[in-house]
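Colleague: The following file, coords-v9.txt, comprises compact mmCIF, C-alpha atoms:
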# COMPACT_ATOMS: atom_id res chain seq x y z
CA MET S 761 52.82 -27.77 -108.20
CA ARG S 762 52.52 -25.24 -105.43
CA MET S 763 54.83 -25.46 -102.48
CA ALA S 764 54.55 -23.05 -99.57
CA LYS S 765 57.65 -21.32 -98.33
CA ALA S 766 58.49 -21.02 -94.64
CA LYS S 767 56.55 -18.22 -92.89
CA SER S 768 58.55 -15.14 -91.99
CA SER S 769 58.90 -14.14 -88.38
CA LYS S 770 59.54 -10.84 -86.63
CA LEU S 771 62.64 -12.58 -85.24
CA ASP S 772 64.13 -13.10 -88.69
CA PRO S 773 65.82 -9.67 -88.84
CA HIS S 774 67.62 -10.63 -85.60
CA ALA S 775 68.57 -14.10 -86.86
CA GLU S 776 72.29 -13.45 -87.11
CA ARG S 777 72.60 -12.02 -83.62
CA LEU S 778 70.33 -14.68 -82.09
CA THR S 779 72.31 -17.47 -83.70
CA GLU S 780 75.53 -15.96 -82.40
CA TRP S 781 74.10 -15.69 -78.88
CA PHE S 782 72.73 -19.24 -78.80
CA LEU S 783 75.94 -20.70 -80.23
CA ALA S 784 77.85 -18.79 -77.55
CA GLY S 785 75.72 -20.57 -74.92
CA LYS S 786 73.18 -17.88 -73.99
CA THR S 787 69.91 -19.18 -72.53
CA LEU S 788 66.48 -18.42 -74.01
CA ALA S 789 65.80 -16.00 -71.16
CA GLU S 790 69.11 -14.16 -71.70
CA ALA S 791 68.50 -13.94 -75.45
CA ARG S 792 64.96 -12.68 -74.86
CA GLU S 793 66.27 -9.96 -72.54
CA LEU S 794 68.90 -8.88 -75.10
CA LEU S 795 66.17 -8.78 -77.75
CA ARG S 796 63.93 -6.70 -75.49
CA GLN S 797 66.78 -4.20 -75.07
CA ALA S 798 67.02 -4.07 -78.88
CA GLY S 799 63.31 -3.21 -79.05
CA CYS S 800 61.86 -6.64 -79.90
CA ALA S 801 59.54 -8.20 -77.34
CA VAL S 802 58.90 -11.93 -77.66
CA SER S 803 57.70 -14.79 -75.48
CA LEU S 804 60.06 -17.55 -74.41
CA SER S 805 57.96 -20.22 -76.14
CA ARG S 806 57.94 -18.28 -79.41
CA LEU S 807 61.70 -17.77 -79.21
CA SER S 808 62.18 -21.46 -78.48
CA VAL S 809 60.06 -22.53 -81.47
CA TRP S 810 61.90 -20.04 -83.71
CA TRP S 811 65.33 -21.34 -82.61
CA GLU S 812 64.28 -24.95 -83.13
CA SER S 813 63.10 -24.20 -86.64
CA ARG S 814 66.25 -22.15 -87.29
CA GLN S 815 68.44 -25.07 -86.21
CA ALA S 816 66.50 -27.42 -88.50
CA ALA S 817 66.99 -25.00 -91.40
CA ARG S 818 70.73 -24.74 -90.64
CA ALA S 819 71.02 -28.54 -90.53
CA GLU S 820 69.20 -28.78 -93.86
CA GLU S 821 71.51 -26.20 -95.44
CA ALA S 822 74.54 -28.11 -94.15
CA LEU S 823 73.18 -31.35 -95.61
CA LEU S 824 72.57 -29.71 -99.00
CA ARG S 825 76.12 -28.30 -98.96
CA ARG S 826 77.48 -31.80 -98.31
CA ILE S 827 75.43 -33.15 -101.23
CA THR S 828 76.86 -30.44 -103.50
CA SER S 829 80.37 -31.22 -102.31
CA GLY S 830 79.85 -34.98 -102.79
CA ALA S 831 78.50 -34.41 -106.31
CA GLU S 832 81.55 -32.25 -107.11
CA GLN S 833 83.83 -35.09 -105.96
CA VAL S 834 81.90 -37.51 -108.18
CA ARG S 835 82.25 -35.20 -111.20
CA THR S 836 85.99 -34.75 -110.54
CA VAL S 837 86.51 -38.51 -110.54
CA GLU S 838 84.35 -39.01 -113.64
CA ARG S 839 86.34 -36.34 -115.50
CA ALA S 840 89.62 -37.97 -114.43
CA PHE S 841 88.61 -41.32 -115.93
CA GLY S 842 87.56 -39.80 -119.27
CA GLU S 843 84.45 -40.20 -121.39
CA ASN S 844 84.41 -43.90 -122.17
CA PRO S 845 86.16 -45.75 -119.37
CA ALA S 846 86.79 -49.48 -119.58
CA PRO S 847 84.11 -51.59 -117.85
CA GLU S 848 86.27 -52.28 -114.77
CA LEU S 849 86.97 -48.55 -114.40
CA ALA S 850 83.27 -47.77 -114.87
CA THR S 851 82.61 -50.06 -111.90
CA ILE S 852 85.12 -48.14 -109.76
CA ILE S 853 83.55 -44.83 -110.79
CA LYS S 854 80.09 -46.12 -109.89
CA LEU S 855 81.27 -47.48 -106.56
CA HIS S 856 82.87 -44.15 -105.77
CA ARG S 857 79.66 -42.31 -106.75
CA VAL S 858 77.55 -44.43 -104.40
CA LEU S 859 80.07 -44.13 -101.55
CA ALA S 860 80.62 -40.40 -101.90
CA MET S 861 76.90 -39.64 -102.05
CA GLN S 862 76.07 -42.04 -99.21
CA PHE S 863 78.69 -40.37 -97.02
CA ALA S 864 77.38 -36.95 -98.02
CA THR S 865 73.75 -37.74 -97.30
CA ALA S 866 73.80 -40.20 -94.42
CA GLY S 867 77.16 -39.43 -92.86
CA SER S 868 75.84 -36.46 -90.89
CA SER S 869 78.53 -33.84 -90.39
CA SER S 870 80.99 -36.28 -88.84
CA PRO S 871 84.50 -35.09 -89.83
CA ALA S 872 85.75 -38.70 -89.73
CA LEU S 873 83.20 -39.87 -92.33
CA LEU S 874 83.79 -36.85 -94.52
CA GLU S 875 87.52 -37.58 -94.32
CA VAL S 876 86.87 -41.18 -95.44
CA SER S 877 84.84 -39.86 -98.36
CA GLU S 878 87.58 -37.43 -99.37
CA ARG S 879 90.18 -40.19 -99.04
CA ALA S 880 88.09 -42.43 -101.34
CA THR S 881 88.03 -39.60 -103.88
CA ARG S 882 91.80 -39.13 -103.63
CA MET S 883 92.33 -42.88 -104.10
CA ALA S 884 90.08 -42.94 -107.15
CA LEU S 885 91.95 -39.97 -108.63
CA GLU S 886 95.32 -41.61 -107.96
CA PHE S 887 94.02 -44.75 -109.65
CA ALA S 888 92.92 -42.66 -112.64
CA LYS S 889 96.43 -41.16 -112.84
CA LEU S 890 98.02 -44.62 -112.69
CA GLU S 891 95.68 -45.77 -115.47
CA GLU S 892 96.65 -42.76 -117.54
CA LYS S 893 100.37 -43.56 -117.01
CA ARG S 894 99.82 -47.23 -117.88
CA ALA S 895 98.02 -46.25 -121.10
CA ALA S 896 100.83 -43.80 -121.97
CA ARG S 897 103.47 -46.48 -121.28
CA GLU S 898 101.64 -49.04 -123.42
CA LEU S 899 101.41 -46.50 -126.22
CA ALA S 900 105.16 -45.75 -125.96
CA GLU S 901 105.94 -49.48 -126.00
CA GLN S 902 103.76 -49.99 -129.07
CA LYS S 903 105.44 -47.07 -130.79
CA TYR S 904 108.85 -48.58 -130.01
CA ARG S 905 107.76 -52.01 -131.37
CA ASP S 906 106.44 -50.34 -134.54
CA LEU S 907 109.69 -48.42 -134.95
CA VAL S 908 111.82 -51.57 -134.53
CA ALA S 909 109.66 -53.49 -137.03
CA GLU S 910 110.00 -50.66 -139.53
CA ARG S 911 113.80 -50.54 -139.09
CA LYS S 912 113.95 -54.31 -139.49
CA ARG S 913 111.97 -54.16 -142.72
CA ALA S 914 114.26 -51.40 -144.06
CA ILE S 915 117.43 -53.36 -143.20
CA GLU S 916 116.03 -56.53 -144.76
CA ALA S 917 115.22 -54.58 -147.90
CA GLU S 918 118.77 -53.20 -148.04
CA LEU S 919 120.17 -56.68 -147.44
CA GLY S 920 118.10 -58.01 -150.33
CA LYS S 921 119.60 -55.38 -152.59
CA ALA S 922 123.14 -56.17 -151.33
CA ARG S 923 122.63 -59.91 -151.91
CA THR S 924 121.61 -59.40 -155.52
CA GLY S 925 124.26 -56.71 -156.13
CA GLY S 926 127.07 -58.74 -154.51
CA GLY S 927 128.37 -55.75 -152.54
CA ILE S 928 128.69 -57.61 -149.21
CA THR S 929 130.64 -60.70 -148.12
CA PRO S 930 128.67 -63.87 -147.13
CA GLU S 931 130.14 -63.69 -143.56
CA THR S 932 128.98 -60.10 -143.04
CA LEU S 933 125.58 -61.01 -144.49
CA GLU S 934 125.26 -63.94 -142.08
CA ARG S 935 126.21 -61.76 -139.08
CA ILE S 936 123.70 -59.06 -140.01
CA GLU S 937 120.95 -61.66 -140.46
CA ARG S 938 121.78 -63.19 -137.07
CA GLU S 939 121.55 -59.79 -135.37
CA LEU S 940 118.34 -59.02 -137.17
CA LYS S 941 116.75 -62.12 -135.62
CA LEU S 942 117.56 -60.69 -132.20
CA LEU S 943 115.43 -57.59 -132.86
CA MET A 21 51.89 -28.13 -96.18
CA ASN A 22 51.31 -31.88 -95.77
CA GLU A 23 54.06 -34.39 -95.18
CA VAL A 24 54.39 -35.58 -98.80
CA ASN A 25 54.68 -32.00 -100.06
CA VAL A 26 57.47 -31.34 -97.53
CA ILE A 27 59.26 -34.43 -98.82
CA LYS A 28 58.77 -33.40 -102.46
CA ARG A 29 60.16 -29.96 -101.72
CA PHE A 30 63.21 -31.50 -100.03
CA ILE A 31 63.79 -34.00 -102.88
CA LEU A 32 63.86 -31.14 -105.39
CA ARG A 33 66.33 -29.20 -103.22
CA ALA A 34 68.57 -32.26 -102.73
CA LEU A 35 68.64 -33.06 -106.46
CA MET A 36 69.32 -29.39 -107.23
CA ALA A 37 72.26 -29.46 -104.80
CA ALA A 38 73.76 -32.40 -106.71
CA TYR A 39 72.75 -31.15 -110.18
CA PRO A 40 73.73 -32.18 -112.84
CA THR A 41 75.06 -35.31 -111.10
CA PRO A 42 72.31 -37.88 -110.48
CA LEU A 43 71.83 -39.09 -106.91
CA PRO A 44 71.88 -42.85 -106.31
CA GLY A 45 68.50 -43.96 -104.93
CA GLU A 46 69.96 -45.02 -101.56
CA ALA A 47 71.66 -41.66 -101.16
CA LEU A 48 68.48 -39.74 -101.97
CA ASP A 49 66.49 -41.84 -99.49
CA ALA A 50 69.16 -41.28 -96.82
CA ALA A 51 69.14 -37.54 -97.50
CA VAL A 52 65.35 -37.36 -97.13
CA ARG A 53 65.43 -39.34 -93.89
CA THR A 54 68.17 -37.06 -92.53
CA GLY A 55 66.84 -33.77 -93.87
CA VAL A 56 63.10 -34.00 -93.32
CA ASN A 57 61.85 -33.56 -89.79
CA PRO A 58 60.00 -35.54 -88.42
CA ARG A 59 61.68 -38.49 -90.11
CA PRO A 60 59.28 -39.57 -92.88
CA LEU A 61 57.95 -43.04 -93.63
CA MET A 62 59.62 -44.71 -96.62
CA SER A 63 56.16 -45.20 -98.14
CA ASP A 64 55.70 -41.40 -98.12
CA VAL A 65 59.17 -40.92 -99.65
CA GLU A 66 58.25 -43.36 -102.44
CA LEU A 67 54.93 -41.58 -102.95
CA ALA A 68 56.70 -38.22 -103.20
CA LYS A 69 59.20 -39.58 -105.75
CA ARG A 70 56.47 -41.19 -107.87
CA ASP A 71 54.44 -37.99 -107.83
CA LEU A 72 57.41 -35.84 -108.89
CA GLU A 73 58.23 -38.38 -111.60
CA ALA A 74 54.63 -38.39 -112.85
CA ARG A 75 54.74 -34.58 -113.01
CA GLY A 76 57.92 -34.77 -115.15
CA MET A 77 60.14 -33.04 -112.58
CA ILE A 78 62.48 -35.88 -111.75
CA VAL A 79 63.59 -38.93 -113.67
CA GLY A 80 64.86 -42.27 -112.39
CA THR A 81 67.40 -44.21 -114.45
CA ARG A 82 67.80 -47.93 -113.82
CA ASP A 83 71.29 -49.45 -114.10
CA PRO A 84 71.00 -52.50 -116.40
CA VAL A 85 73.72 -54.36 -114.49
CA ASP A 86 72.66 -54.14 -110.85
CA ASP A 87 69.14 -52.73 -111.18
CA SER A 88 69.95 -49.75 -108.94
CA VAL A 89 68.12 -46.48 -109.66
CA SER A 90 69.65 -43.00 -109.80
CA TRP A 91 67.54 -39.85 -109.67
CA ALA A 92 68.06 -36.54 -111.43
CA LEU A 93 66.10 -33.36 -112.11
CA THR A 94 64.50 -32.85 -115.51
CA PRO A 95 64.66 -29.34 -117.06
CA ALA A 96 61.14 -28.75 -115.66
CA GLY A 97 62.37 -29.91 -112.27
CA VAL A 98 65.32 -27.51 -112.40
CA ILE A 99 62.94 -24.61 -113.03
CA GLN A 100 60.80 -25.72 -110.08
CA ALA A 101 63.75 -26.37 -107.77
CA LYS A 102 65.77 -23.20 -108.38
CA PRO A 103 63.63 -20.82 -106.32
CA LEU A 104 63.23 -23.26 -103.41
Using the file provided, produce a representation of the structure as structure tokens.

Modeller:
Amino acid sequence: MRMAKAKSSKLDPHAERLTEWFLAGKTLAEARELLRQAGCAVSLSRLSVWWESRQAARAEEALLRRITSGAEQVRTVERAFGENPAPELATIIKLHRVLAMQFATAGSSSPALLEVSERATRMALEFAKLEEKRAARELAEQKYRDLVAERKRAIEAELGKARTGGGITPETLERIERELKLL
Amino acid sequence: MNEVNVIKRFILRALMAAYPTPLPGEALDAAVRTGVNPRPLMSDVELAKRDLEARGMIVGTRDPVDDSVSWALTPAGVIQAKPL
């Protein structure tokens, strides 16, 4: 597939200065005069067309930067939720992906919309952290339950030995068994 | 360069900007409508996507749950998009 690149212009070497002048509020005529002094003669219409195309190119670059930034936010959130997230988390990740990319592509350069997008990313990341903490807490609780069950089994085994060996009074045995039921 | 080729060129650049993250279909369409001047017809955008897909440069993946499509560059598409 062949795709033509934008044609170069004799104004391109002056692009930086021209952009600076136009952004500072200089008129086409003033910019043309400054160019003439720098040794580059150009008509007003040609300068106008060049500036219009330059602005379109700048807008396109800004849009592509927002897409890159949105995609980075999406990847950050996906990494935070791990490789195989639960279905409900996968839904949140997908929702965030659609929102972040929609804001990046259709949200123009509005700082308010970009802020909403960044806030959505922060919320998703906070949610991922909470999920991580919940999983860690559940693991700790399970470990504790396993430990208690193991201790209970060991005590019951010792009690069995004591019962057959007669090394413990019936009252003490009853008390220990009662406490064991509380575990 | 005709209109569809301008759109194809922009689609490759947009997907390269997001690479390797796929772009949801709605986001890609919105990007094309914002980034291509004059604003293209959706039929031309669809034509451009189908042509790039047929040439093996982009690939659309359909979500089995909600039927939405996400677009990404193929390795051939990356090679094409990099110098743009």

Colleague: Write out as a list in words each polymer residue whose atoms come within 7 Å of Thr94 (chain A), counting all atoms listed in the file; drop sequence neighbours fewer than 4 positions from it.

Modeller: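 That gives Gly76, Met77, Ile78, Val79 and Val98 of chain A.
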
Colleague: With a cut-off of 12 Å, could you pull out the residues of chain S touching chain A and give me the nearest pair of atoms for each, distance in Å to one decimal, using all atoms listed in the file, ordered by chain and ascending number, as JSON lines?

Modeller:
{"residue": "S:Met761", "atom": "CA", "partner": "A:Gln100", "partner_atom": "CA", "distance": 8.5}
{"residue": "S:Arg762", "atom": "CA", "partner": "A:Asn25", "partner_atom": "CA", "distance": 8.9}
{"residue": "S:Met763", "atom": "CA", "partner": "A:Asn25", "partner_atom": "CA", "distance": 7.0}
{"residue": "S:Ala764", "atom": "CA", "partner": "A:Met21", "partner_atom": "CA", "distance": 6.7}
{"residue": "S:Lys765", "atom": "CA", "partner": "A:Leu104", "partner_atom": "CA", "distance": 7.8}
{"residue": "S:Ala766", "atom": "CA", "partner": "A:Met21", "partner_atom": "CA", "distance": 9.8}
{"residue": "S:Lys767", "atom": "CA", "partner": "A:Met21", "partner_atom": "CA", "distance": 11.4}
{"residue": "S:Glu812", "atom": "CA", "partner": "A:Asn57", "partner_atom": "CA", "distance": 11.2}
{"residue": "S:Ser813", "atom": "CA", "partner": "A:Asn57", "partner_atom": "CA", "distance": 10.0}
{"residue": "S:Gln815", "atom": "CA", "partner": "A:Asn57", "partner_atom": "CA", "distance": 11.3}
{"residue": "S:Ala816", "atom": "CA", "partner": "A:Asn57", "partner_atom": "CA", "distance": 7.8}
{"residue": "S:Ala817", "atom": "CA", "partner": "A:Gly55", "partner_atom": "CA", "distance": 9.1}
{"residue": "S:Arg818", "atom": "CA", "partner": "A:Gly55", "partner_atom": "CA", "distance": 10.3}
{"residue": "S:Ala819", "atom": "CA", "partner": "A:Gly55", "partner_atom": "CA", "distance": 7.5}
{"residue": "S:Glu820", "atom": "CA", "partner": "A:Gly55", "partner_atom": "CA", "distance": 5.5}
{"residue": "S:Glu821", "atom": "CA", "partner": "A:Gly55", "partner_atom": "CA", "distance": 9.0}
{"residue": "S:Ala822", "atom": "CA", "partner": "A:Gly55", "partner_atom": "CA", "distance": 9.6}
{"residue": "S:Leu823", "atom": "CA", "partner": "A:Gly55", "partner_atom": "CA", "distance": 7.0}
{"residue": "S:Leu824", "atom": "CA", "partner": "A:Ala37", "partner_atom": "CA", "distance": 5.8}
{"residue": "S:Arg825", "atom": "CA", "partner": "A:Ala37", "partner_atom": "CA", "distance": 7.1}
{"residue": "S:Arg826", "atom": "CA", "partner": "A:Ala37", "partner_atom": "CA", "distance": 8.7}
{"residue": "S:Ile827", "atom": "CA", "partner": "A:Ala38", "partner_atom": "CA", "distance": 5.8}
{"residue": "S:Thr828", "atom": "CA", "partner": "A:Ala38", "partner_atom": "CA", "distance": 4.9}
{"residue": "S:Ser829", "atom": "CA", "partner": "A:Ala38", "partner_atom": "CA", "distance": 8.0}
{"residue": "S:Gly830", "atom": "CA", "partner": "A:Ala38", "partner_atom": "CA", "distance": 7.7}
{"residue": "S:Ala831", "atom": "CA", "partner": "A:Ala38", "partner_atom": "CA", "distance": 5.2}
{"residue": "S:Glu832", "atom": "CA", "partner": "A:Ala38", "partner_atom": "CA", "distance": 7.8}
{"residue": "S:Gln833", "atom": "CA", "partner": "A:Thr41", "partner_atom": "CA", "distance": 10.2}
{"residue": "S:Val834", "atom": "CA", "partner": "A:Thr41", "partner_atom": "CA", "distance": 7.8}
{"residue": "S:Arg835", "atom": "CA", "partner": "A:Thr41", "partner_atom": "CA", "distance": 7.2}
{"residue": "S:Thr836", "atom": "CA", "partner": "A:Thr41", "partner_atom": "CA", "distance": 11.0}
{"residue": "S:Val837", "atom": "CA", "partner": "A:Thr41", "partner_atom": "CA", "distance": 11.9}
{"residue": "S:Glu838", "atom": "CA", "partner": "A:Thr41", "partner_atom": "CA", "distance": 10.3}
{"residue": "S:Pro847", "atom": "CA", "partner": "A:Val85", "partner_atom": "CA", "distance": 11.3}
{"residue": "S:Ala850", "atom": "CA", "partner": "A:Val85", "partner_atom": "CA", "distance": 11.6}
{"residue": "S:Thr851", "atom": "CA", "partner": "A:Val85", "partner_atom": "CA", "distance": 10.2}
{"residue": "S:Lys854", "atom": "CA", "partner": "A:Pro44", "partner_atom": "CA", "distance": 9.5}
{"residue": "S:Leu855", "atom": "CA", "partner": "A:Pro44", "partner_atom": "CA", "distance": 10.5}
{"residue": "S:His856", "atom": "CA", "partner": "A:Pro44", "partner_atom": "CA", "distance": 11.1}
{"residue": "S:Arg857", "atom": "CA", "partner": "A:Pro44", "partner_atom": "CA", "distance": 7.8}
{"residue": "S:Val858", "atom": "CA", "partner": "A:Pro44", "partner_atom": "CA", "distance": 6.2}
{"residue": "S:Leu859", "atom": "CA", "partner": "A:Ala47", "partner_atom": "CA", "distance": 8.8}
{"residue": "S:Ala860", "atom": "CA", "partner": "A:Ala47", "partner_atom": "CA", "distance": 9.1}
{"residue": "S:Met861", "atom": "CA", "partner": "A:Ala47", "partner_atom": "CA", "distance": 5.7}
{"residue": "S:Gln862", "atom": "CA", "partner": "A:Ala47", "partner_atom": "CA", "distance": 4.8}
{"residue": "S:Phe863", "atom": "CA", "partner": "A:Ala47", "partner_atom": "CA", "distance": 8.3}
{"residue": "S:Ala864", "atom": "CA", "partner": "A:Ala47", "partner_atom": "CA", "distance": 8.0}
{"residue": "S:Thr865", "atom": "CA", "partner": "A:Ala51", "partner_atom": "CA", "distance": 4.6}
{"residue": "S:Ala866", "atom": "CA", "partner": "A:Ala50", "partner_atom": "CA", "distance": 5.3}
{"residue": "S:Gly867", "atom": "CA", "partner": "A:Ala50", "partner_atom": "CA", "distance": 9.1}
{"residue": "S:Ser868", "atom": "CA", "partner": "A:Thr54", "partner_atom": "CA", "distance": 7.9}
{"residue": "S:Ser869", "atom": "CA", "partner": "A:Thr54", "partner_atom": "CA", "distance": 11.1}

Colleague: Do you know which residues are at most 12 Å from region 910-912 of chain S counting only C-alpha atoms, after dropping those on the same chain fewer than 4 positions away, and could you put them as a list in words?

Modeller: Lys903, Tyr904, Arg905, Asp906, Glu916, Ala917, Glu918, Leu919, Ile936, Glu937, Glu939, Leu940, Lys941, Leu942 and Leu943 of chain S

Colleague: State, in Å with one decimal place, the distance from CA of Glu934 (chain S) to CA of Lys921 (chain S).

Modeller: 14.7 Å

Colleague: Can you measure CA of Ser808 (chain S) to CA of Ile27 (chain A) for me? One decimal in Å is fine.

Modeller: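 Separating CA of Ser808 (chain S) from CA of Ile27 (chain A) is a distance of 24.3 Å.
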
Colleague: Provide region 27-47 of chain A rebuilt to N, CA and C atoms, formatted as a CSV table (one decimal), in the coordinates of the input.

Modeller:
chain,number,residue,atom,x,y,z
A,27,ILE,N,58.3,-33.5,-98.3
A,27,ILE,CA,59.3,-34.4,-98.8
A,27,ILE,C,59.6,-34.1,-100.3
A,28,LYS,N,58.6,-33.8,-101.0
A,28,LYS,CA,58.8,-33.4,-102.5
A,28,LYS,C,59.7,-32.2,-102.6
A,29,ARG,N,59.4,-31.2,-101.7
A,29,ARG,CA,60.2,-30.0,-101.7
A,29,ARG,C,61.6,-30.3,-101.4
A,30,PHE,N,61.8,-31.2,-100.4
A,30,PHE,CA,63.2,-31.5,-100.0
A,30,PHE,C,63.9,-32.3,-101.2
A,31,ILE,N,63.2,-33.2,-101.8
A,31,ILE,CA,63.8,-34.0,-102.9
A,31,ILE,C,64.3,-33.1,-104.0
A,32,LEU,N,63.5,-32.1,-104.3
A,32,LEU,CA,63.9,-31.1,-105.4
A,32,LEU,C,65.1,-30.4,-105.0
A,33,ARG,N,65.2,-30.0,-103.7
A,33,ARG,CA,66.3,-29.2,-103.2
A,33,ARG,C,67.6,-30.1,-103.2
A,34,ALA,N,67.4,-31.4,-102.8
A,34,ALA,CA,68.6,-32.3,-102.7
A,34,ALA,C,69.1,-32.5,-104.1
A,35,LEU,N,68.2,-32.8,-105.1
A,35,LEU,CA,68.6,-33.1,-106.5
A,35,LEU,C,69.3,-31.8,-107.1
A,36,MET,N,68.7,-30.6,-106.7
A,36,MET,CA,69.3,-29.4,-107.2
A,36,MET,C,70.7,-29.2,-106.7
A,37,ALA,N,70.9,-29.6,-105.4
A,37,ALA,CA,72.3,-29.5,-104.8
A,37,ALA,C,73.3,-30.3,-105.5
A,38,ALA,N,72.8,-31.5,-106.0
A,38,ALA,CA,73.8,-32.4,-106.7
A,38,ALA,C,73.8,-32.1,-108.2
A,39,TYR,N,72.9,-31.3,-108.7
A,39,TYR,CA,72.8,-31.2,-110.2
A,39,TYR,C,74.0,-30.7,-110.8
A,40,PRO,N,74.5,-31.2,-112.0
A,40,PRO,CA,73.7,-32.2,-112.8
A,40,PRO,C,74.0,-33.7,-112.5
A,41,THR,N,74.8,-33.9,-111.4
A,41,THR,CA,75.1,-35.3,-111.1
A,41,THR,C,73.8,-36.0,-110.5
A,42,PRO,N,73.5,-37.2,-111.1
A,42,PRO,CA,72.3,-37.9,-110.5
A,42,PRO,C,72.6,-38.4,-109.1
A,43,LEU,N,71.6,-38.5,-108.3
A,43,LEU,CA,71.8,-39.1,-106.9
A,43,LEU,C,71.4,-40.6,-106.9
A,44,PRO,N,72.3,-41.5,-106.5
A,44,PRO,CA,71.9,-42.8,-106.3
A,44,PRO,C,70.7,-42.9,-105.4
A,45,GLY,N,69.7,-43.9,-105.7
A,45,GLY,CA,68.5,-44.0,-104.9
A,45,GLY,C,68.7,-44.0,-103.4
A,46,GLU,N,69.7,-44.9,-103.0
A,46,GLU,CA,70.0,-45.0,-101.6
A,46,GLU,C,70.4,-43.7,-100.9
A,47,ALA,N,71.2,-42.9,-101.7
A,47,ALA,CA,71.7,-41.7,-101.2
A,47,ALA,C,70.5,-40.7,-101.0
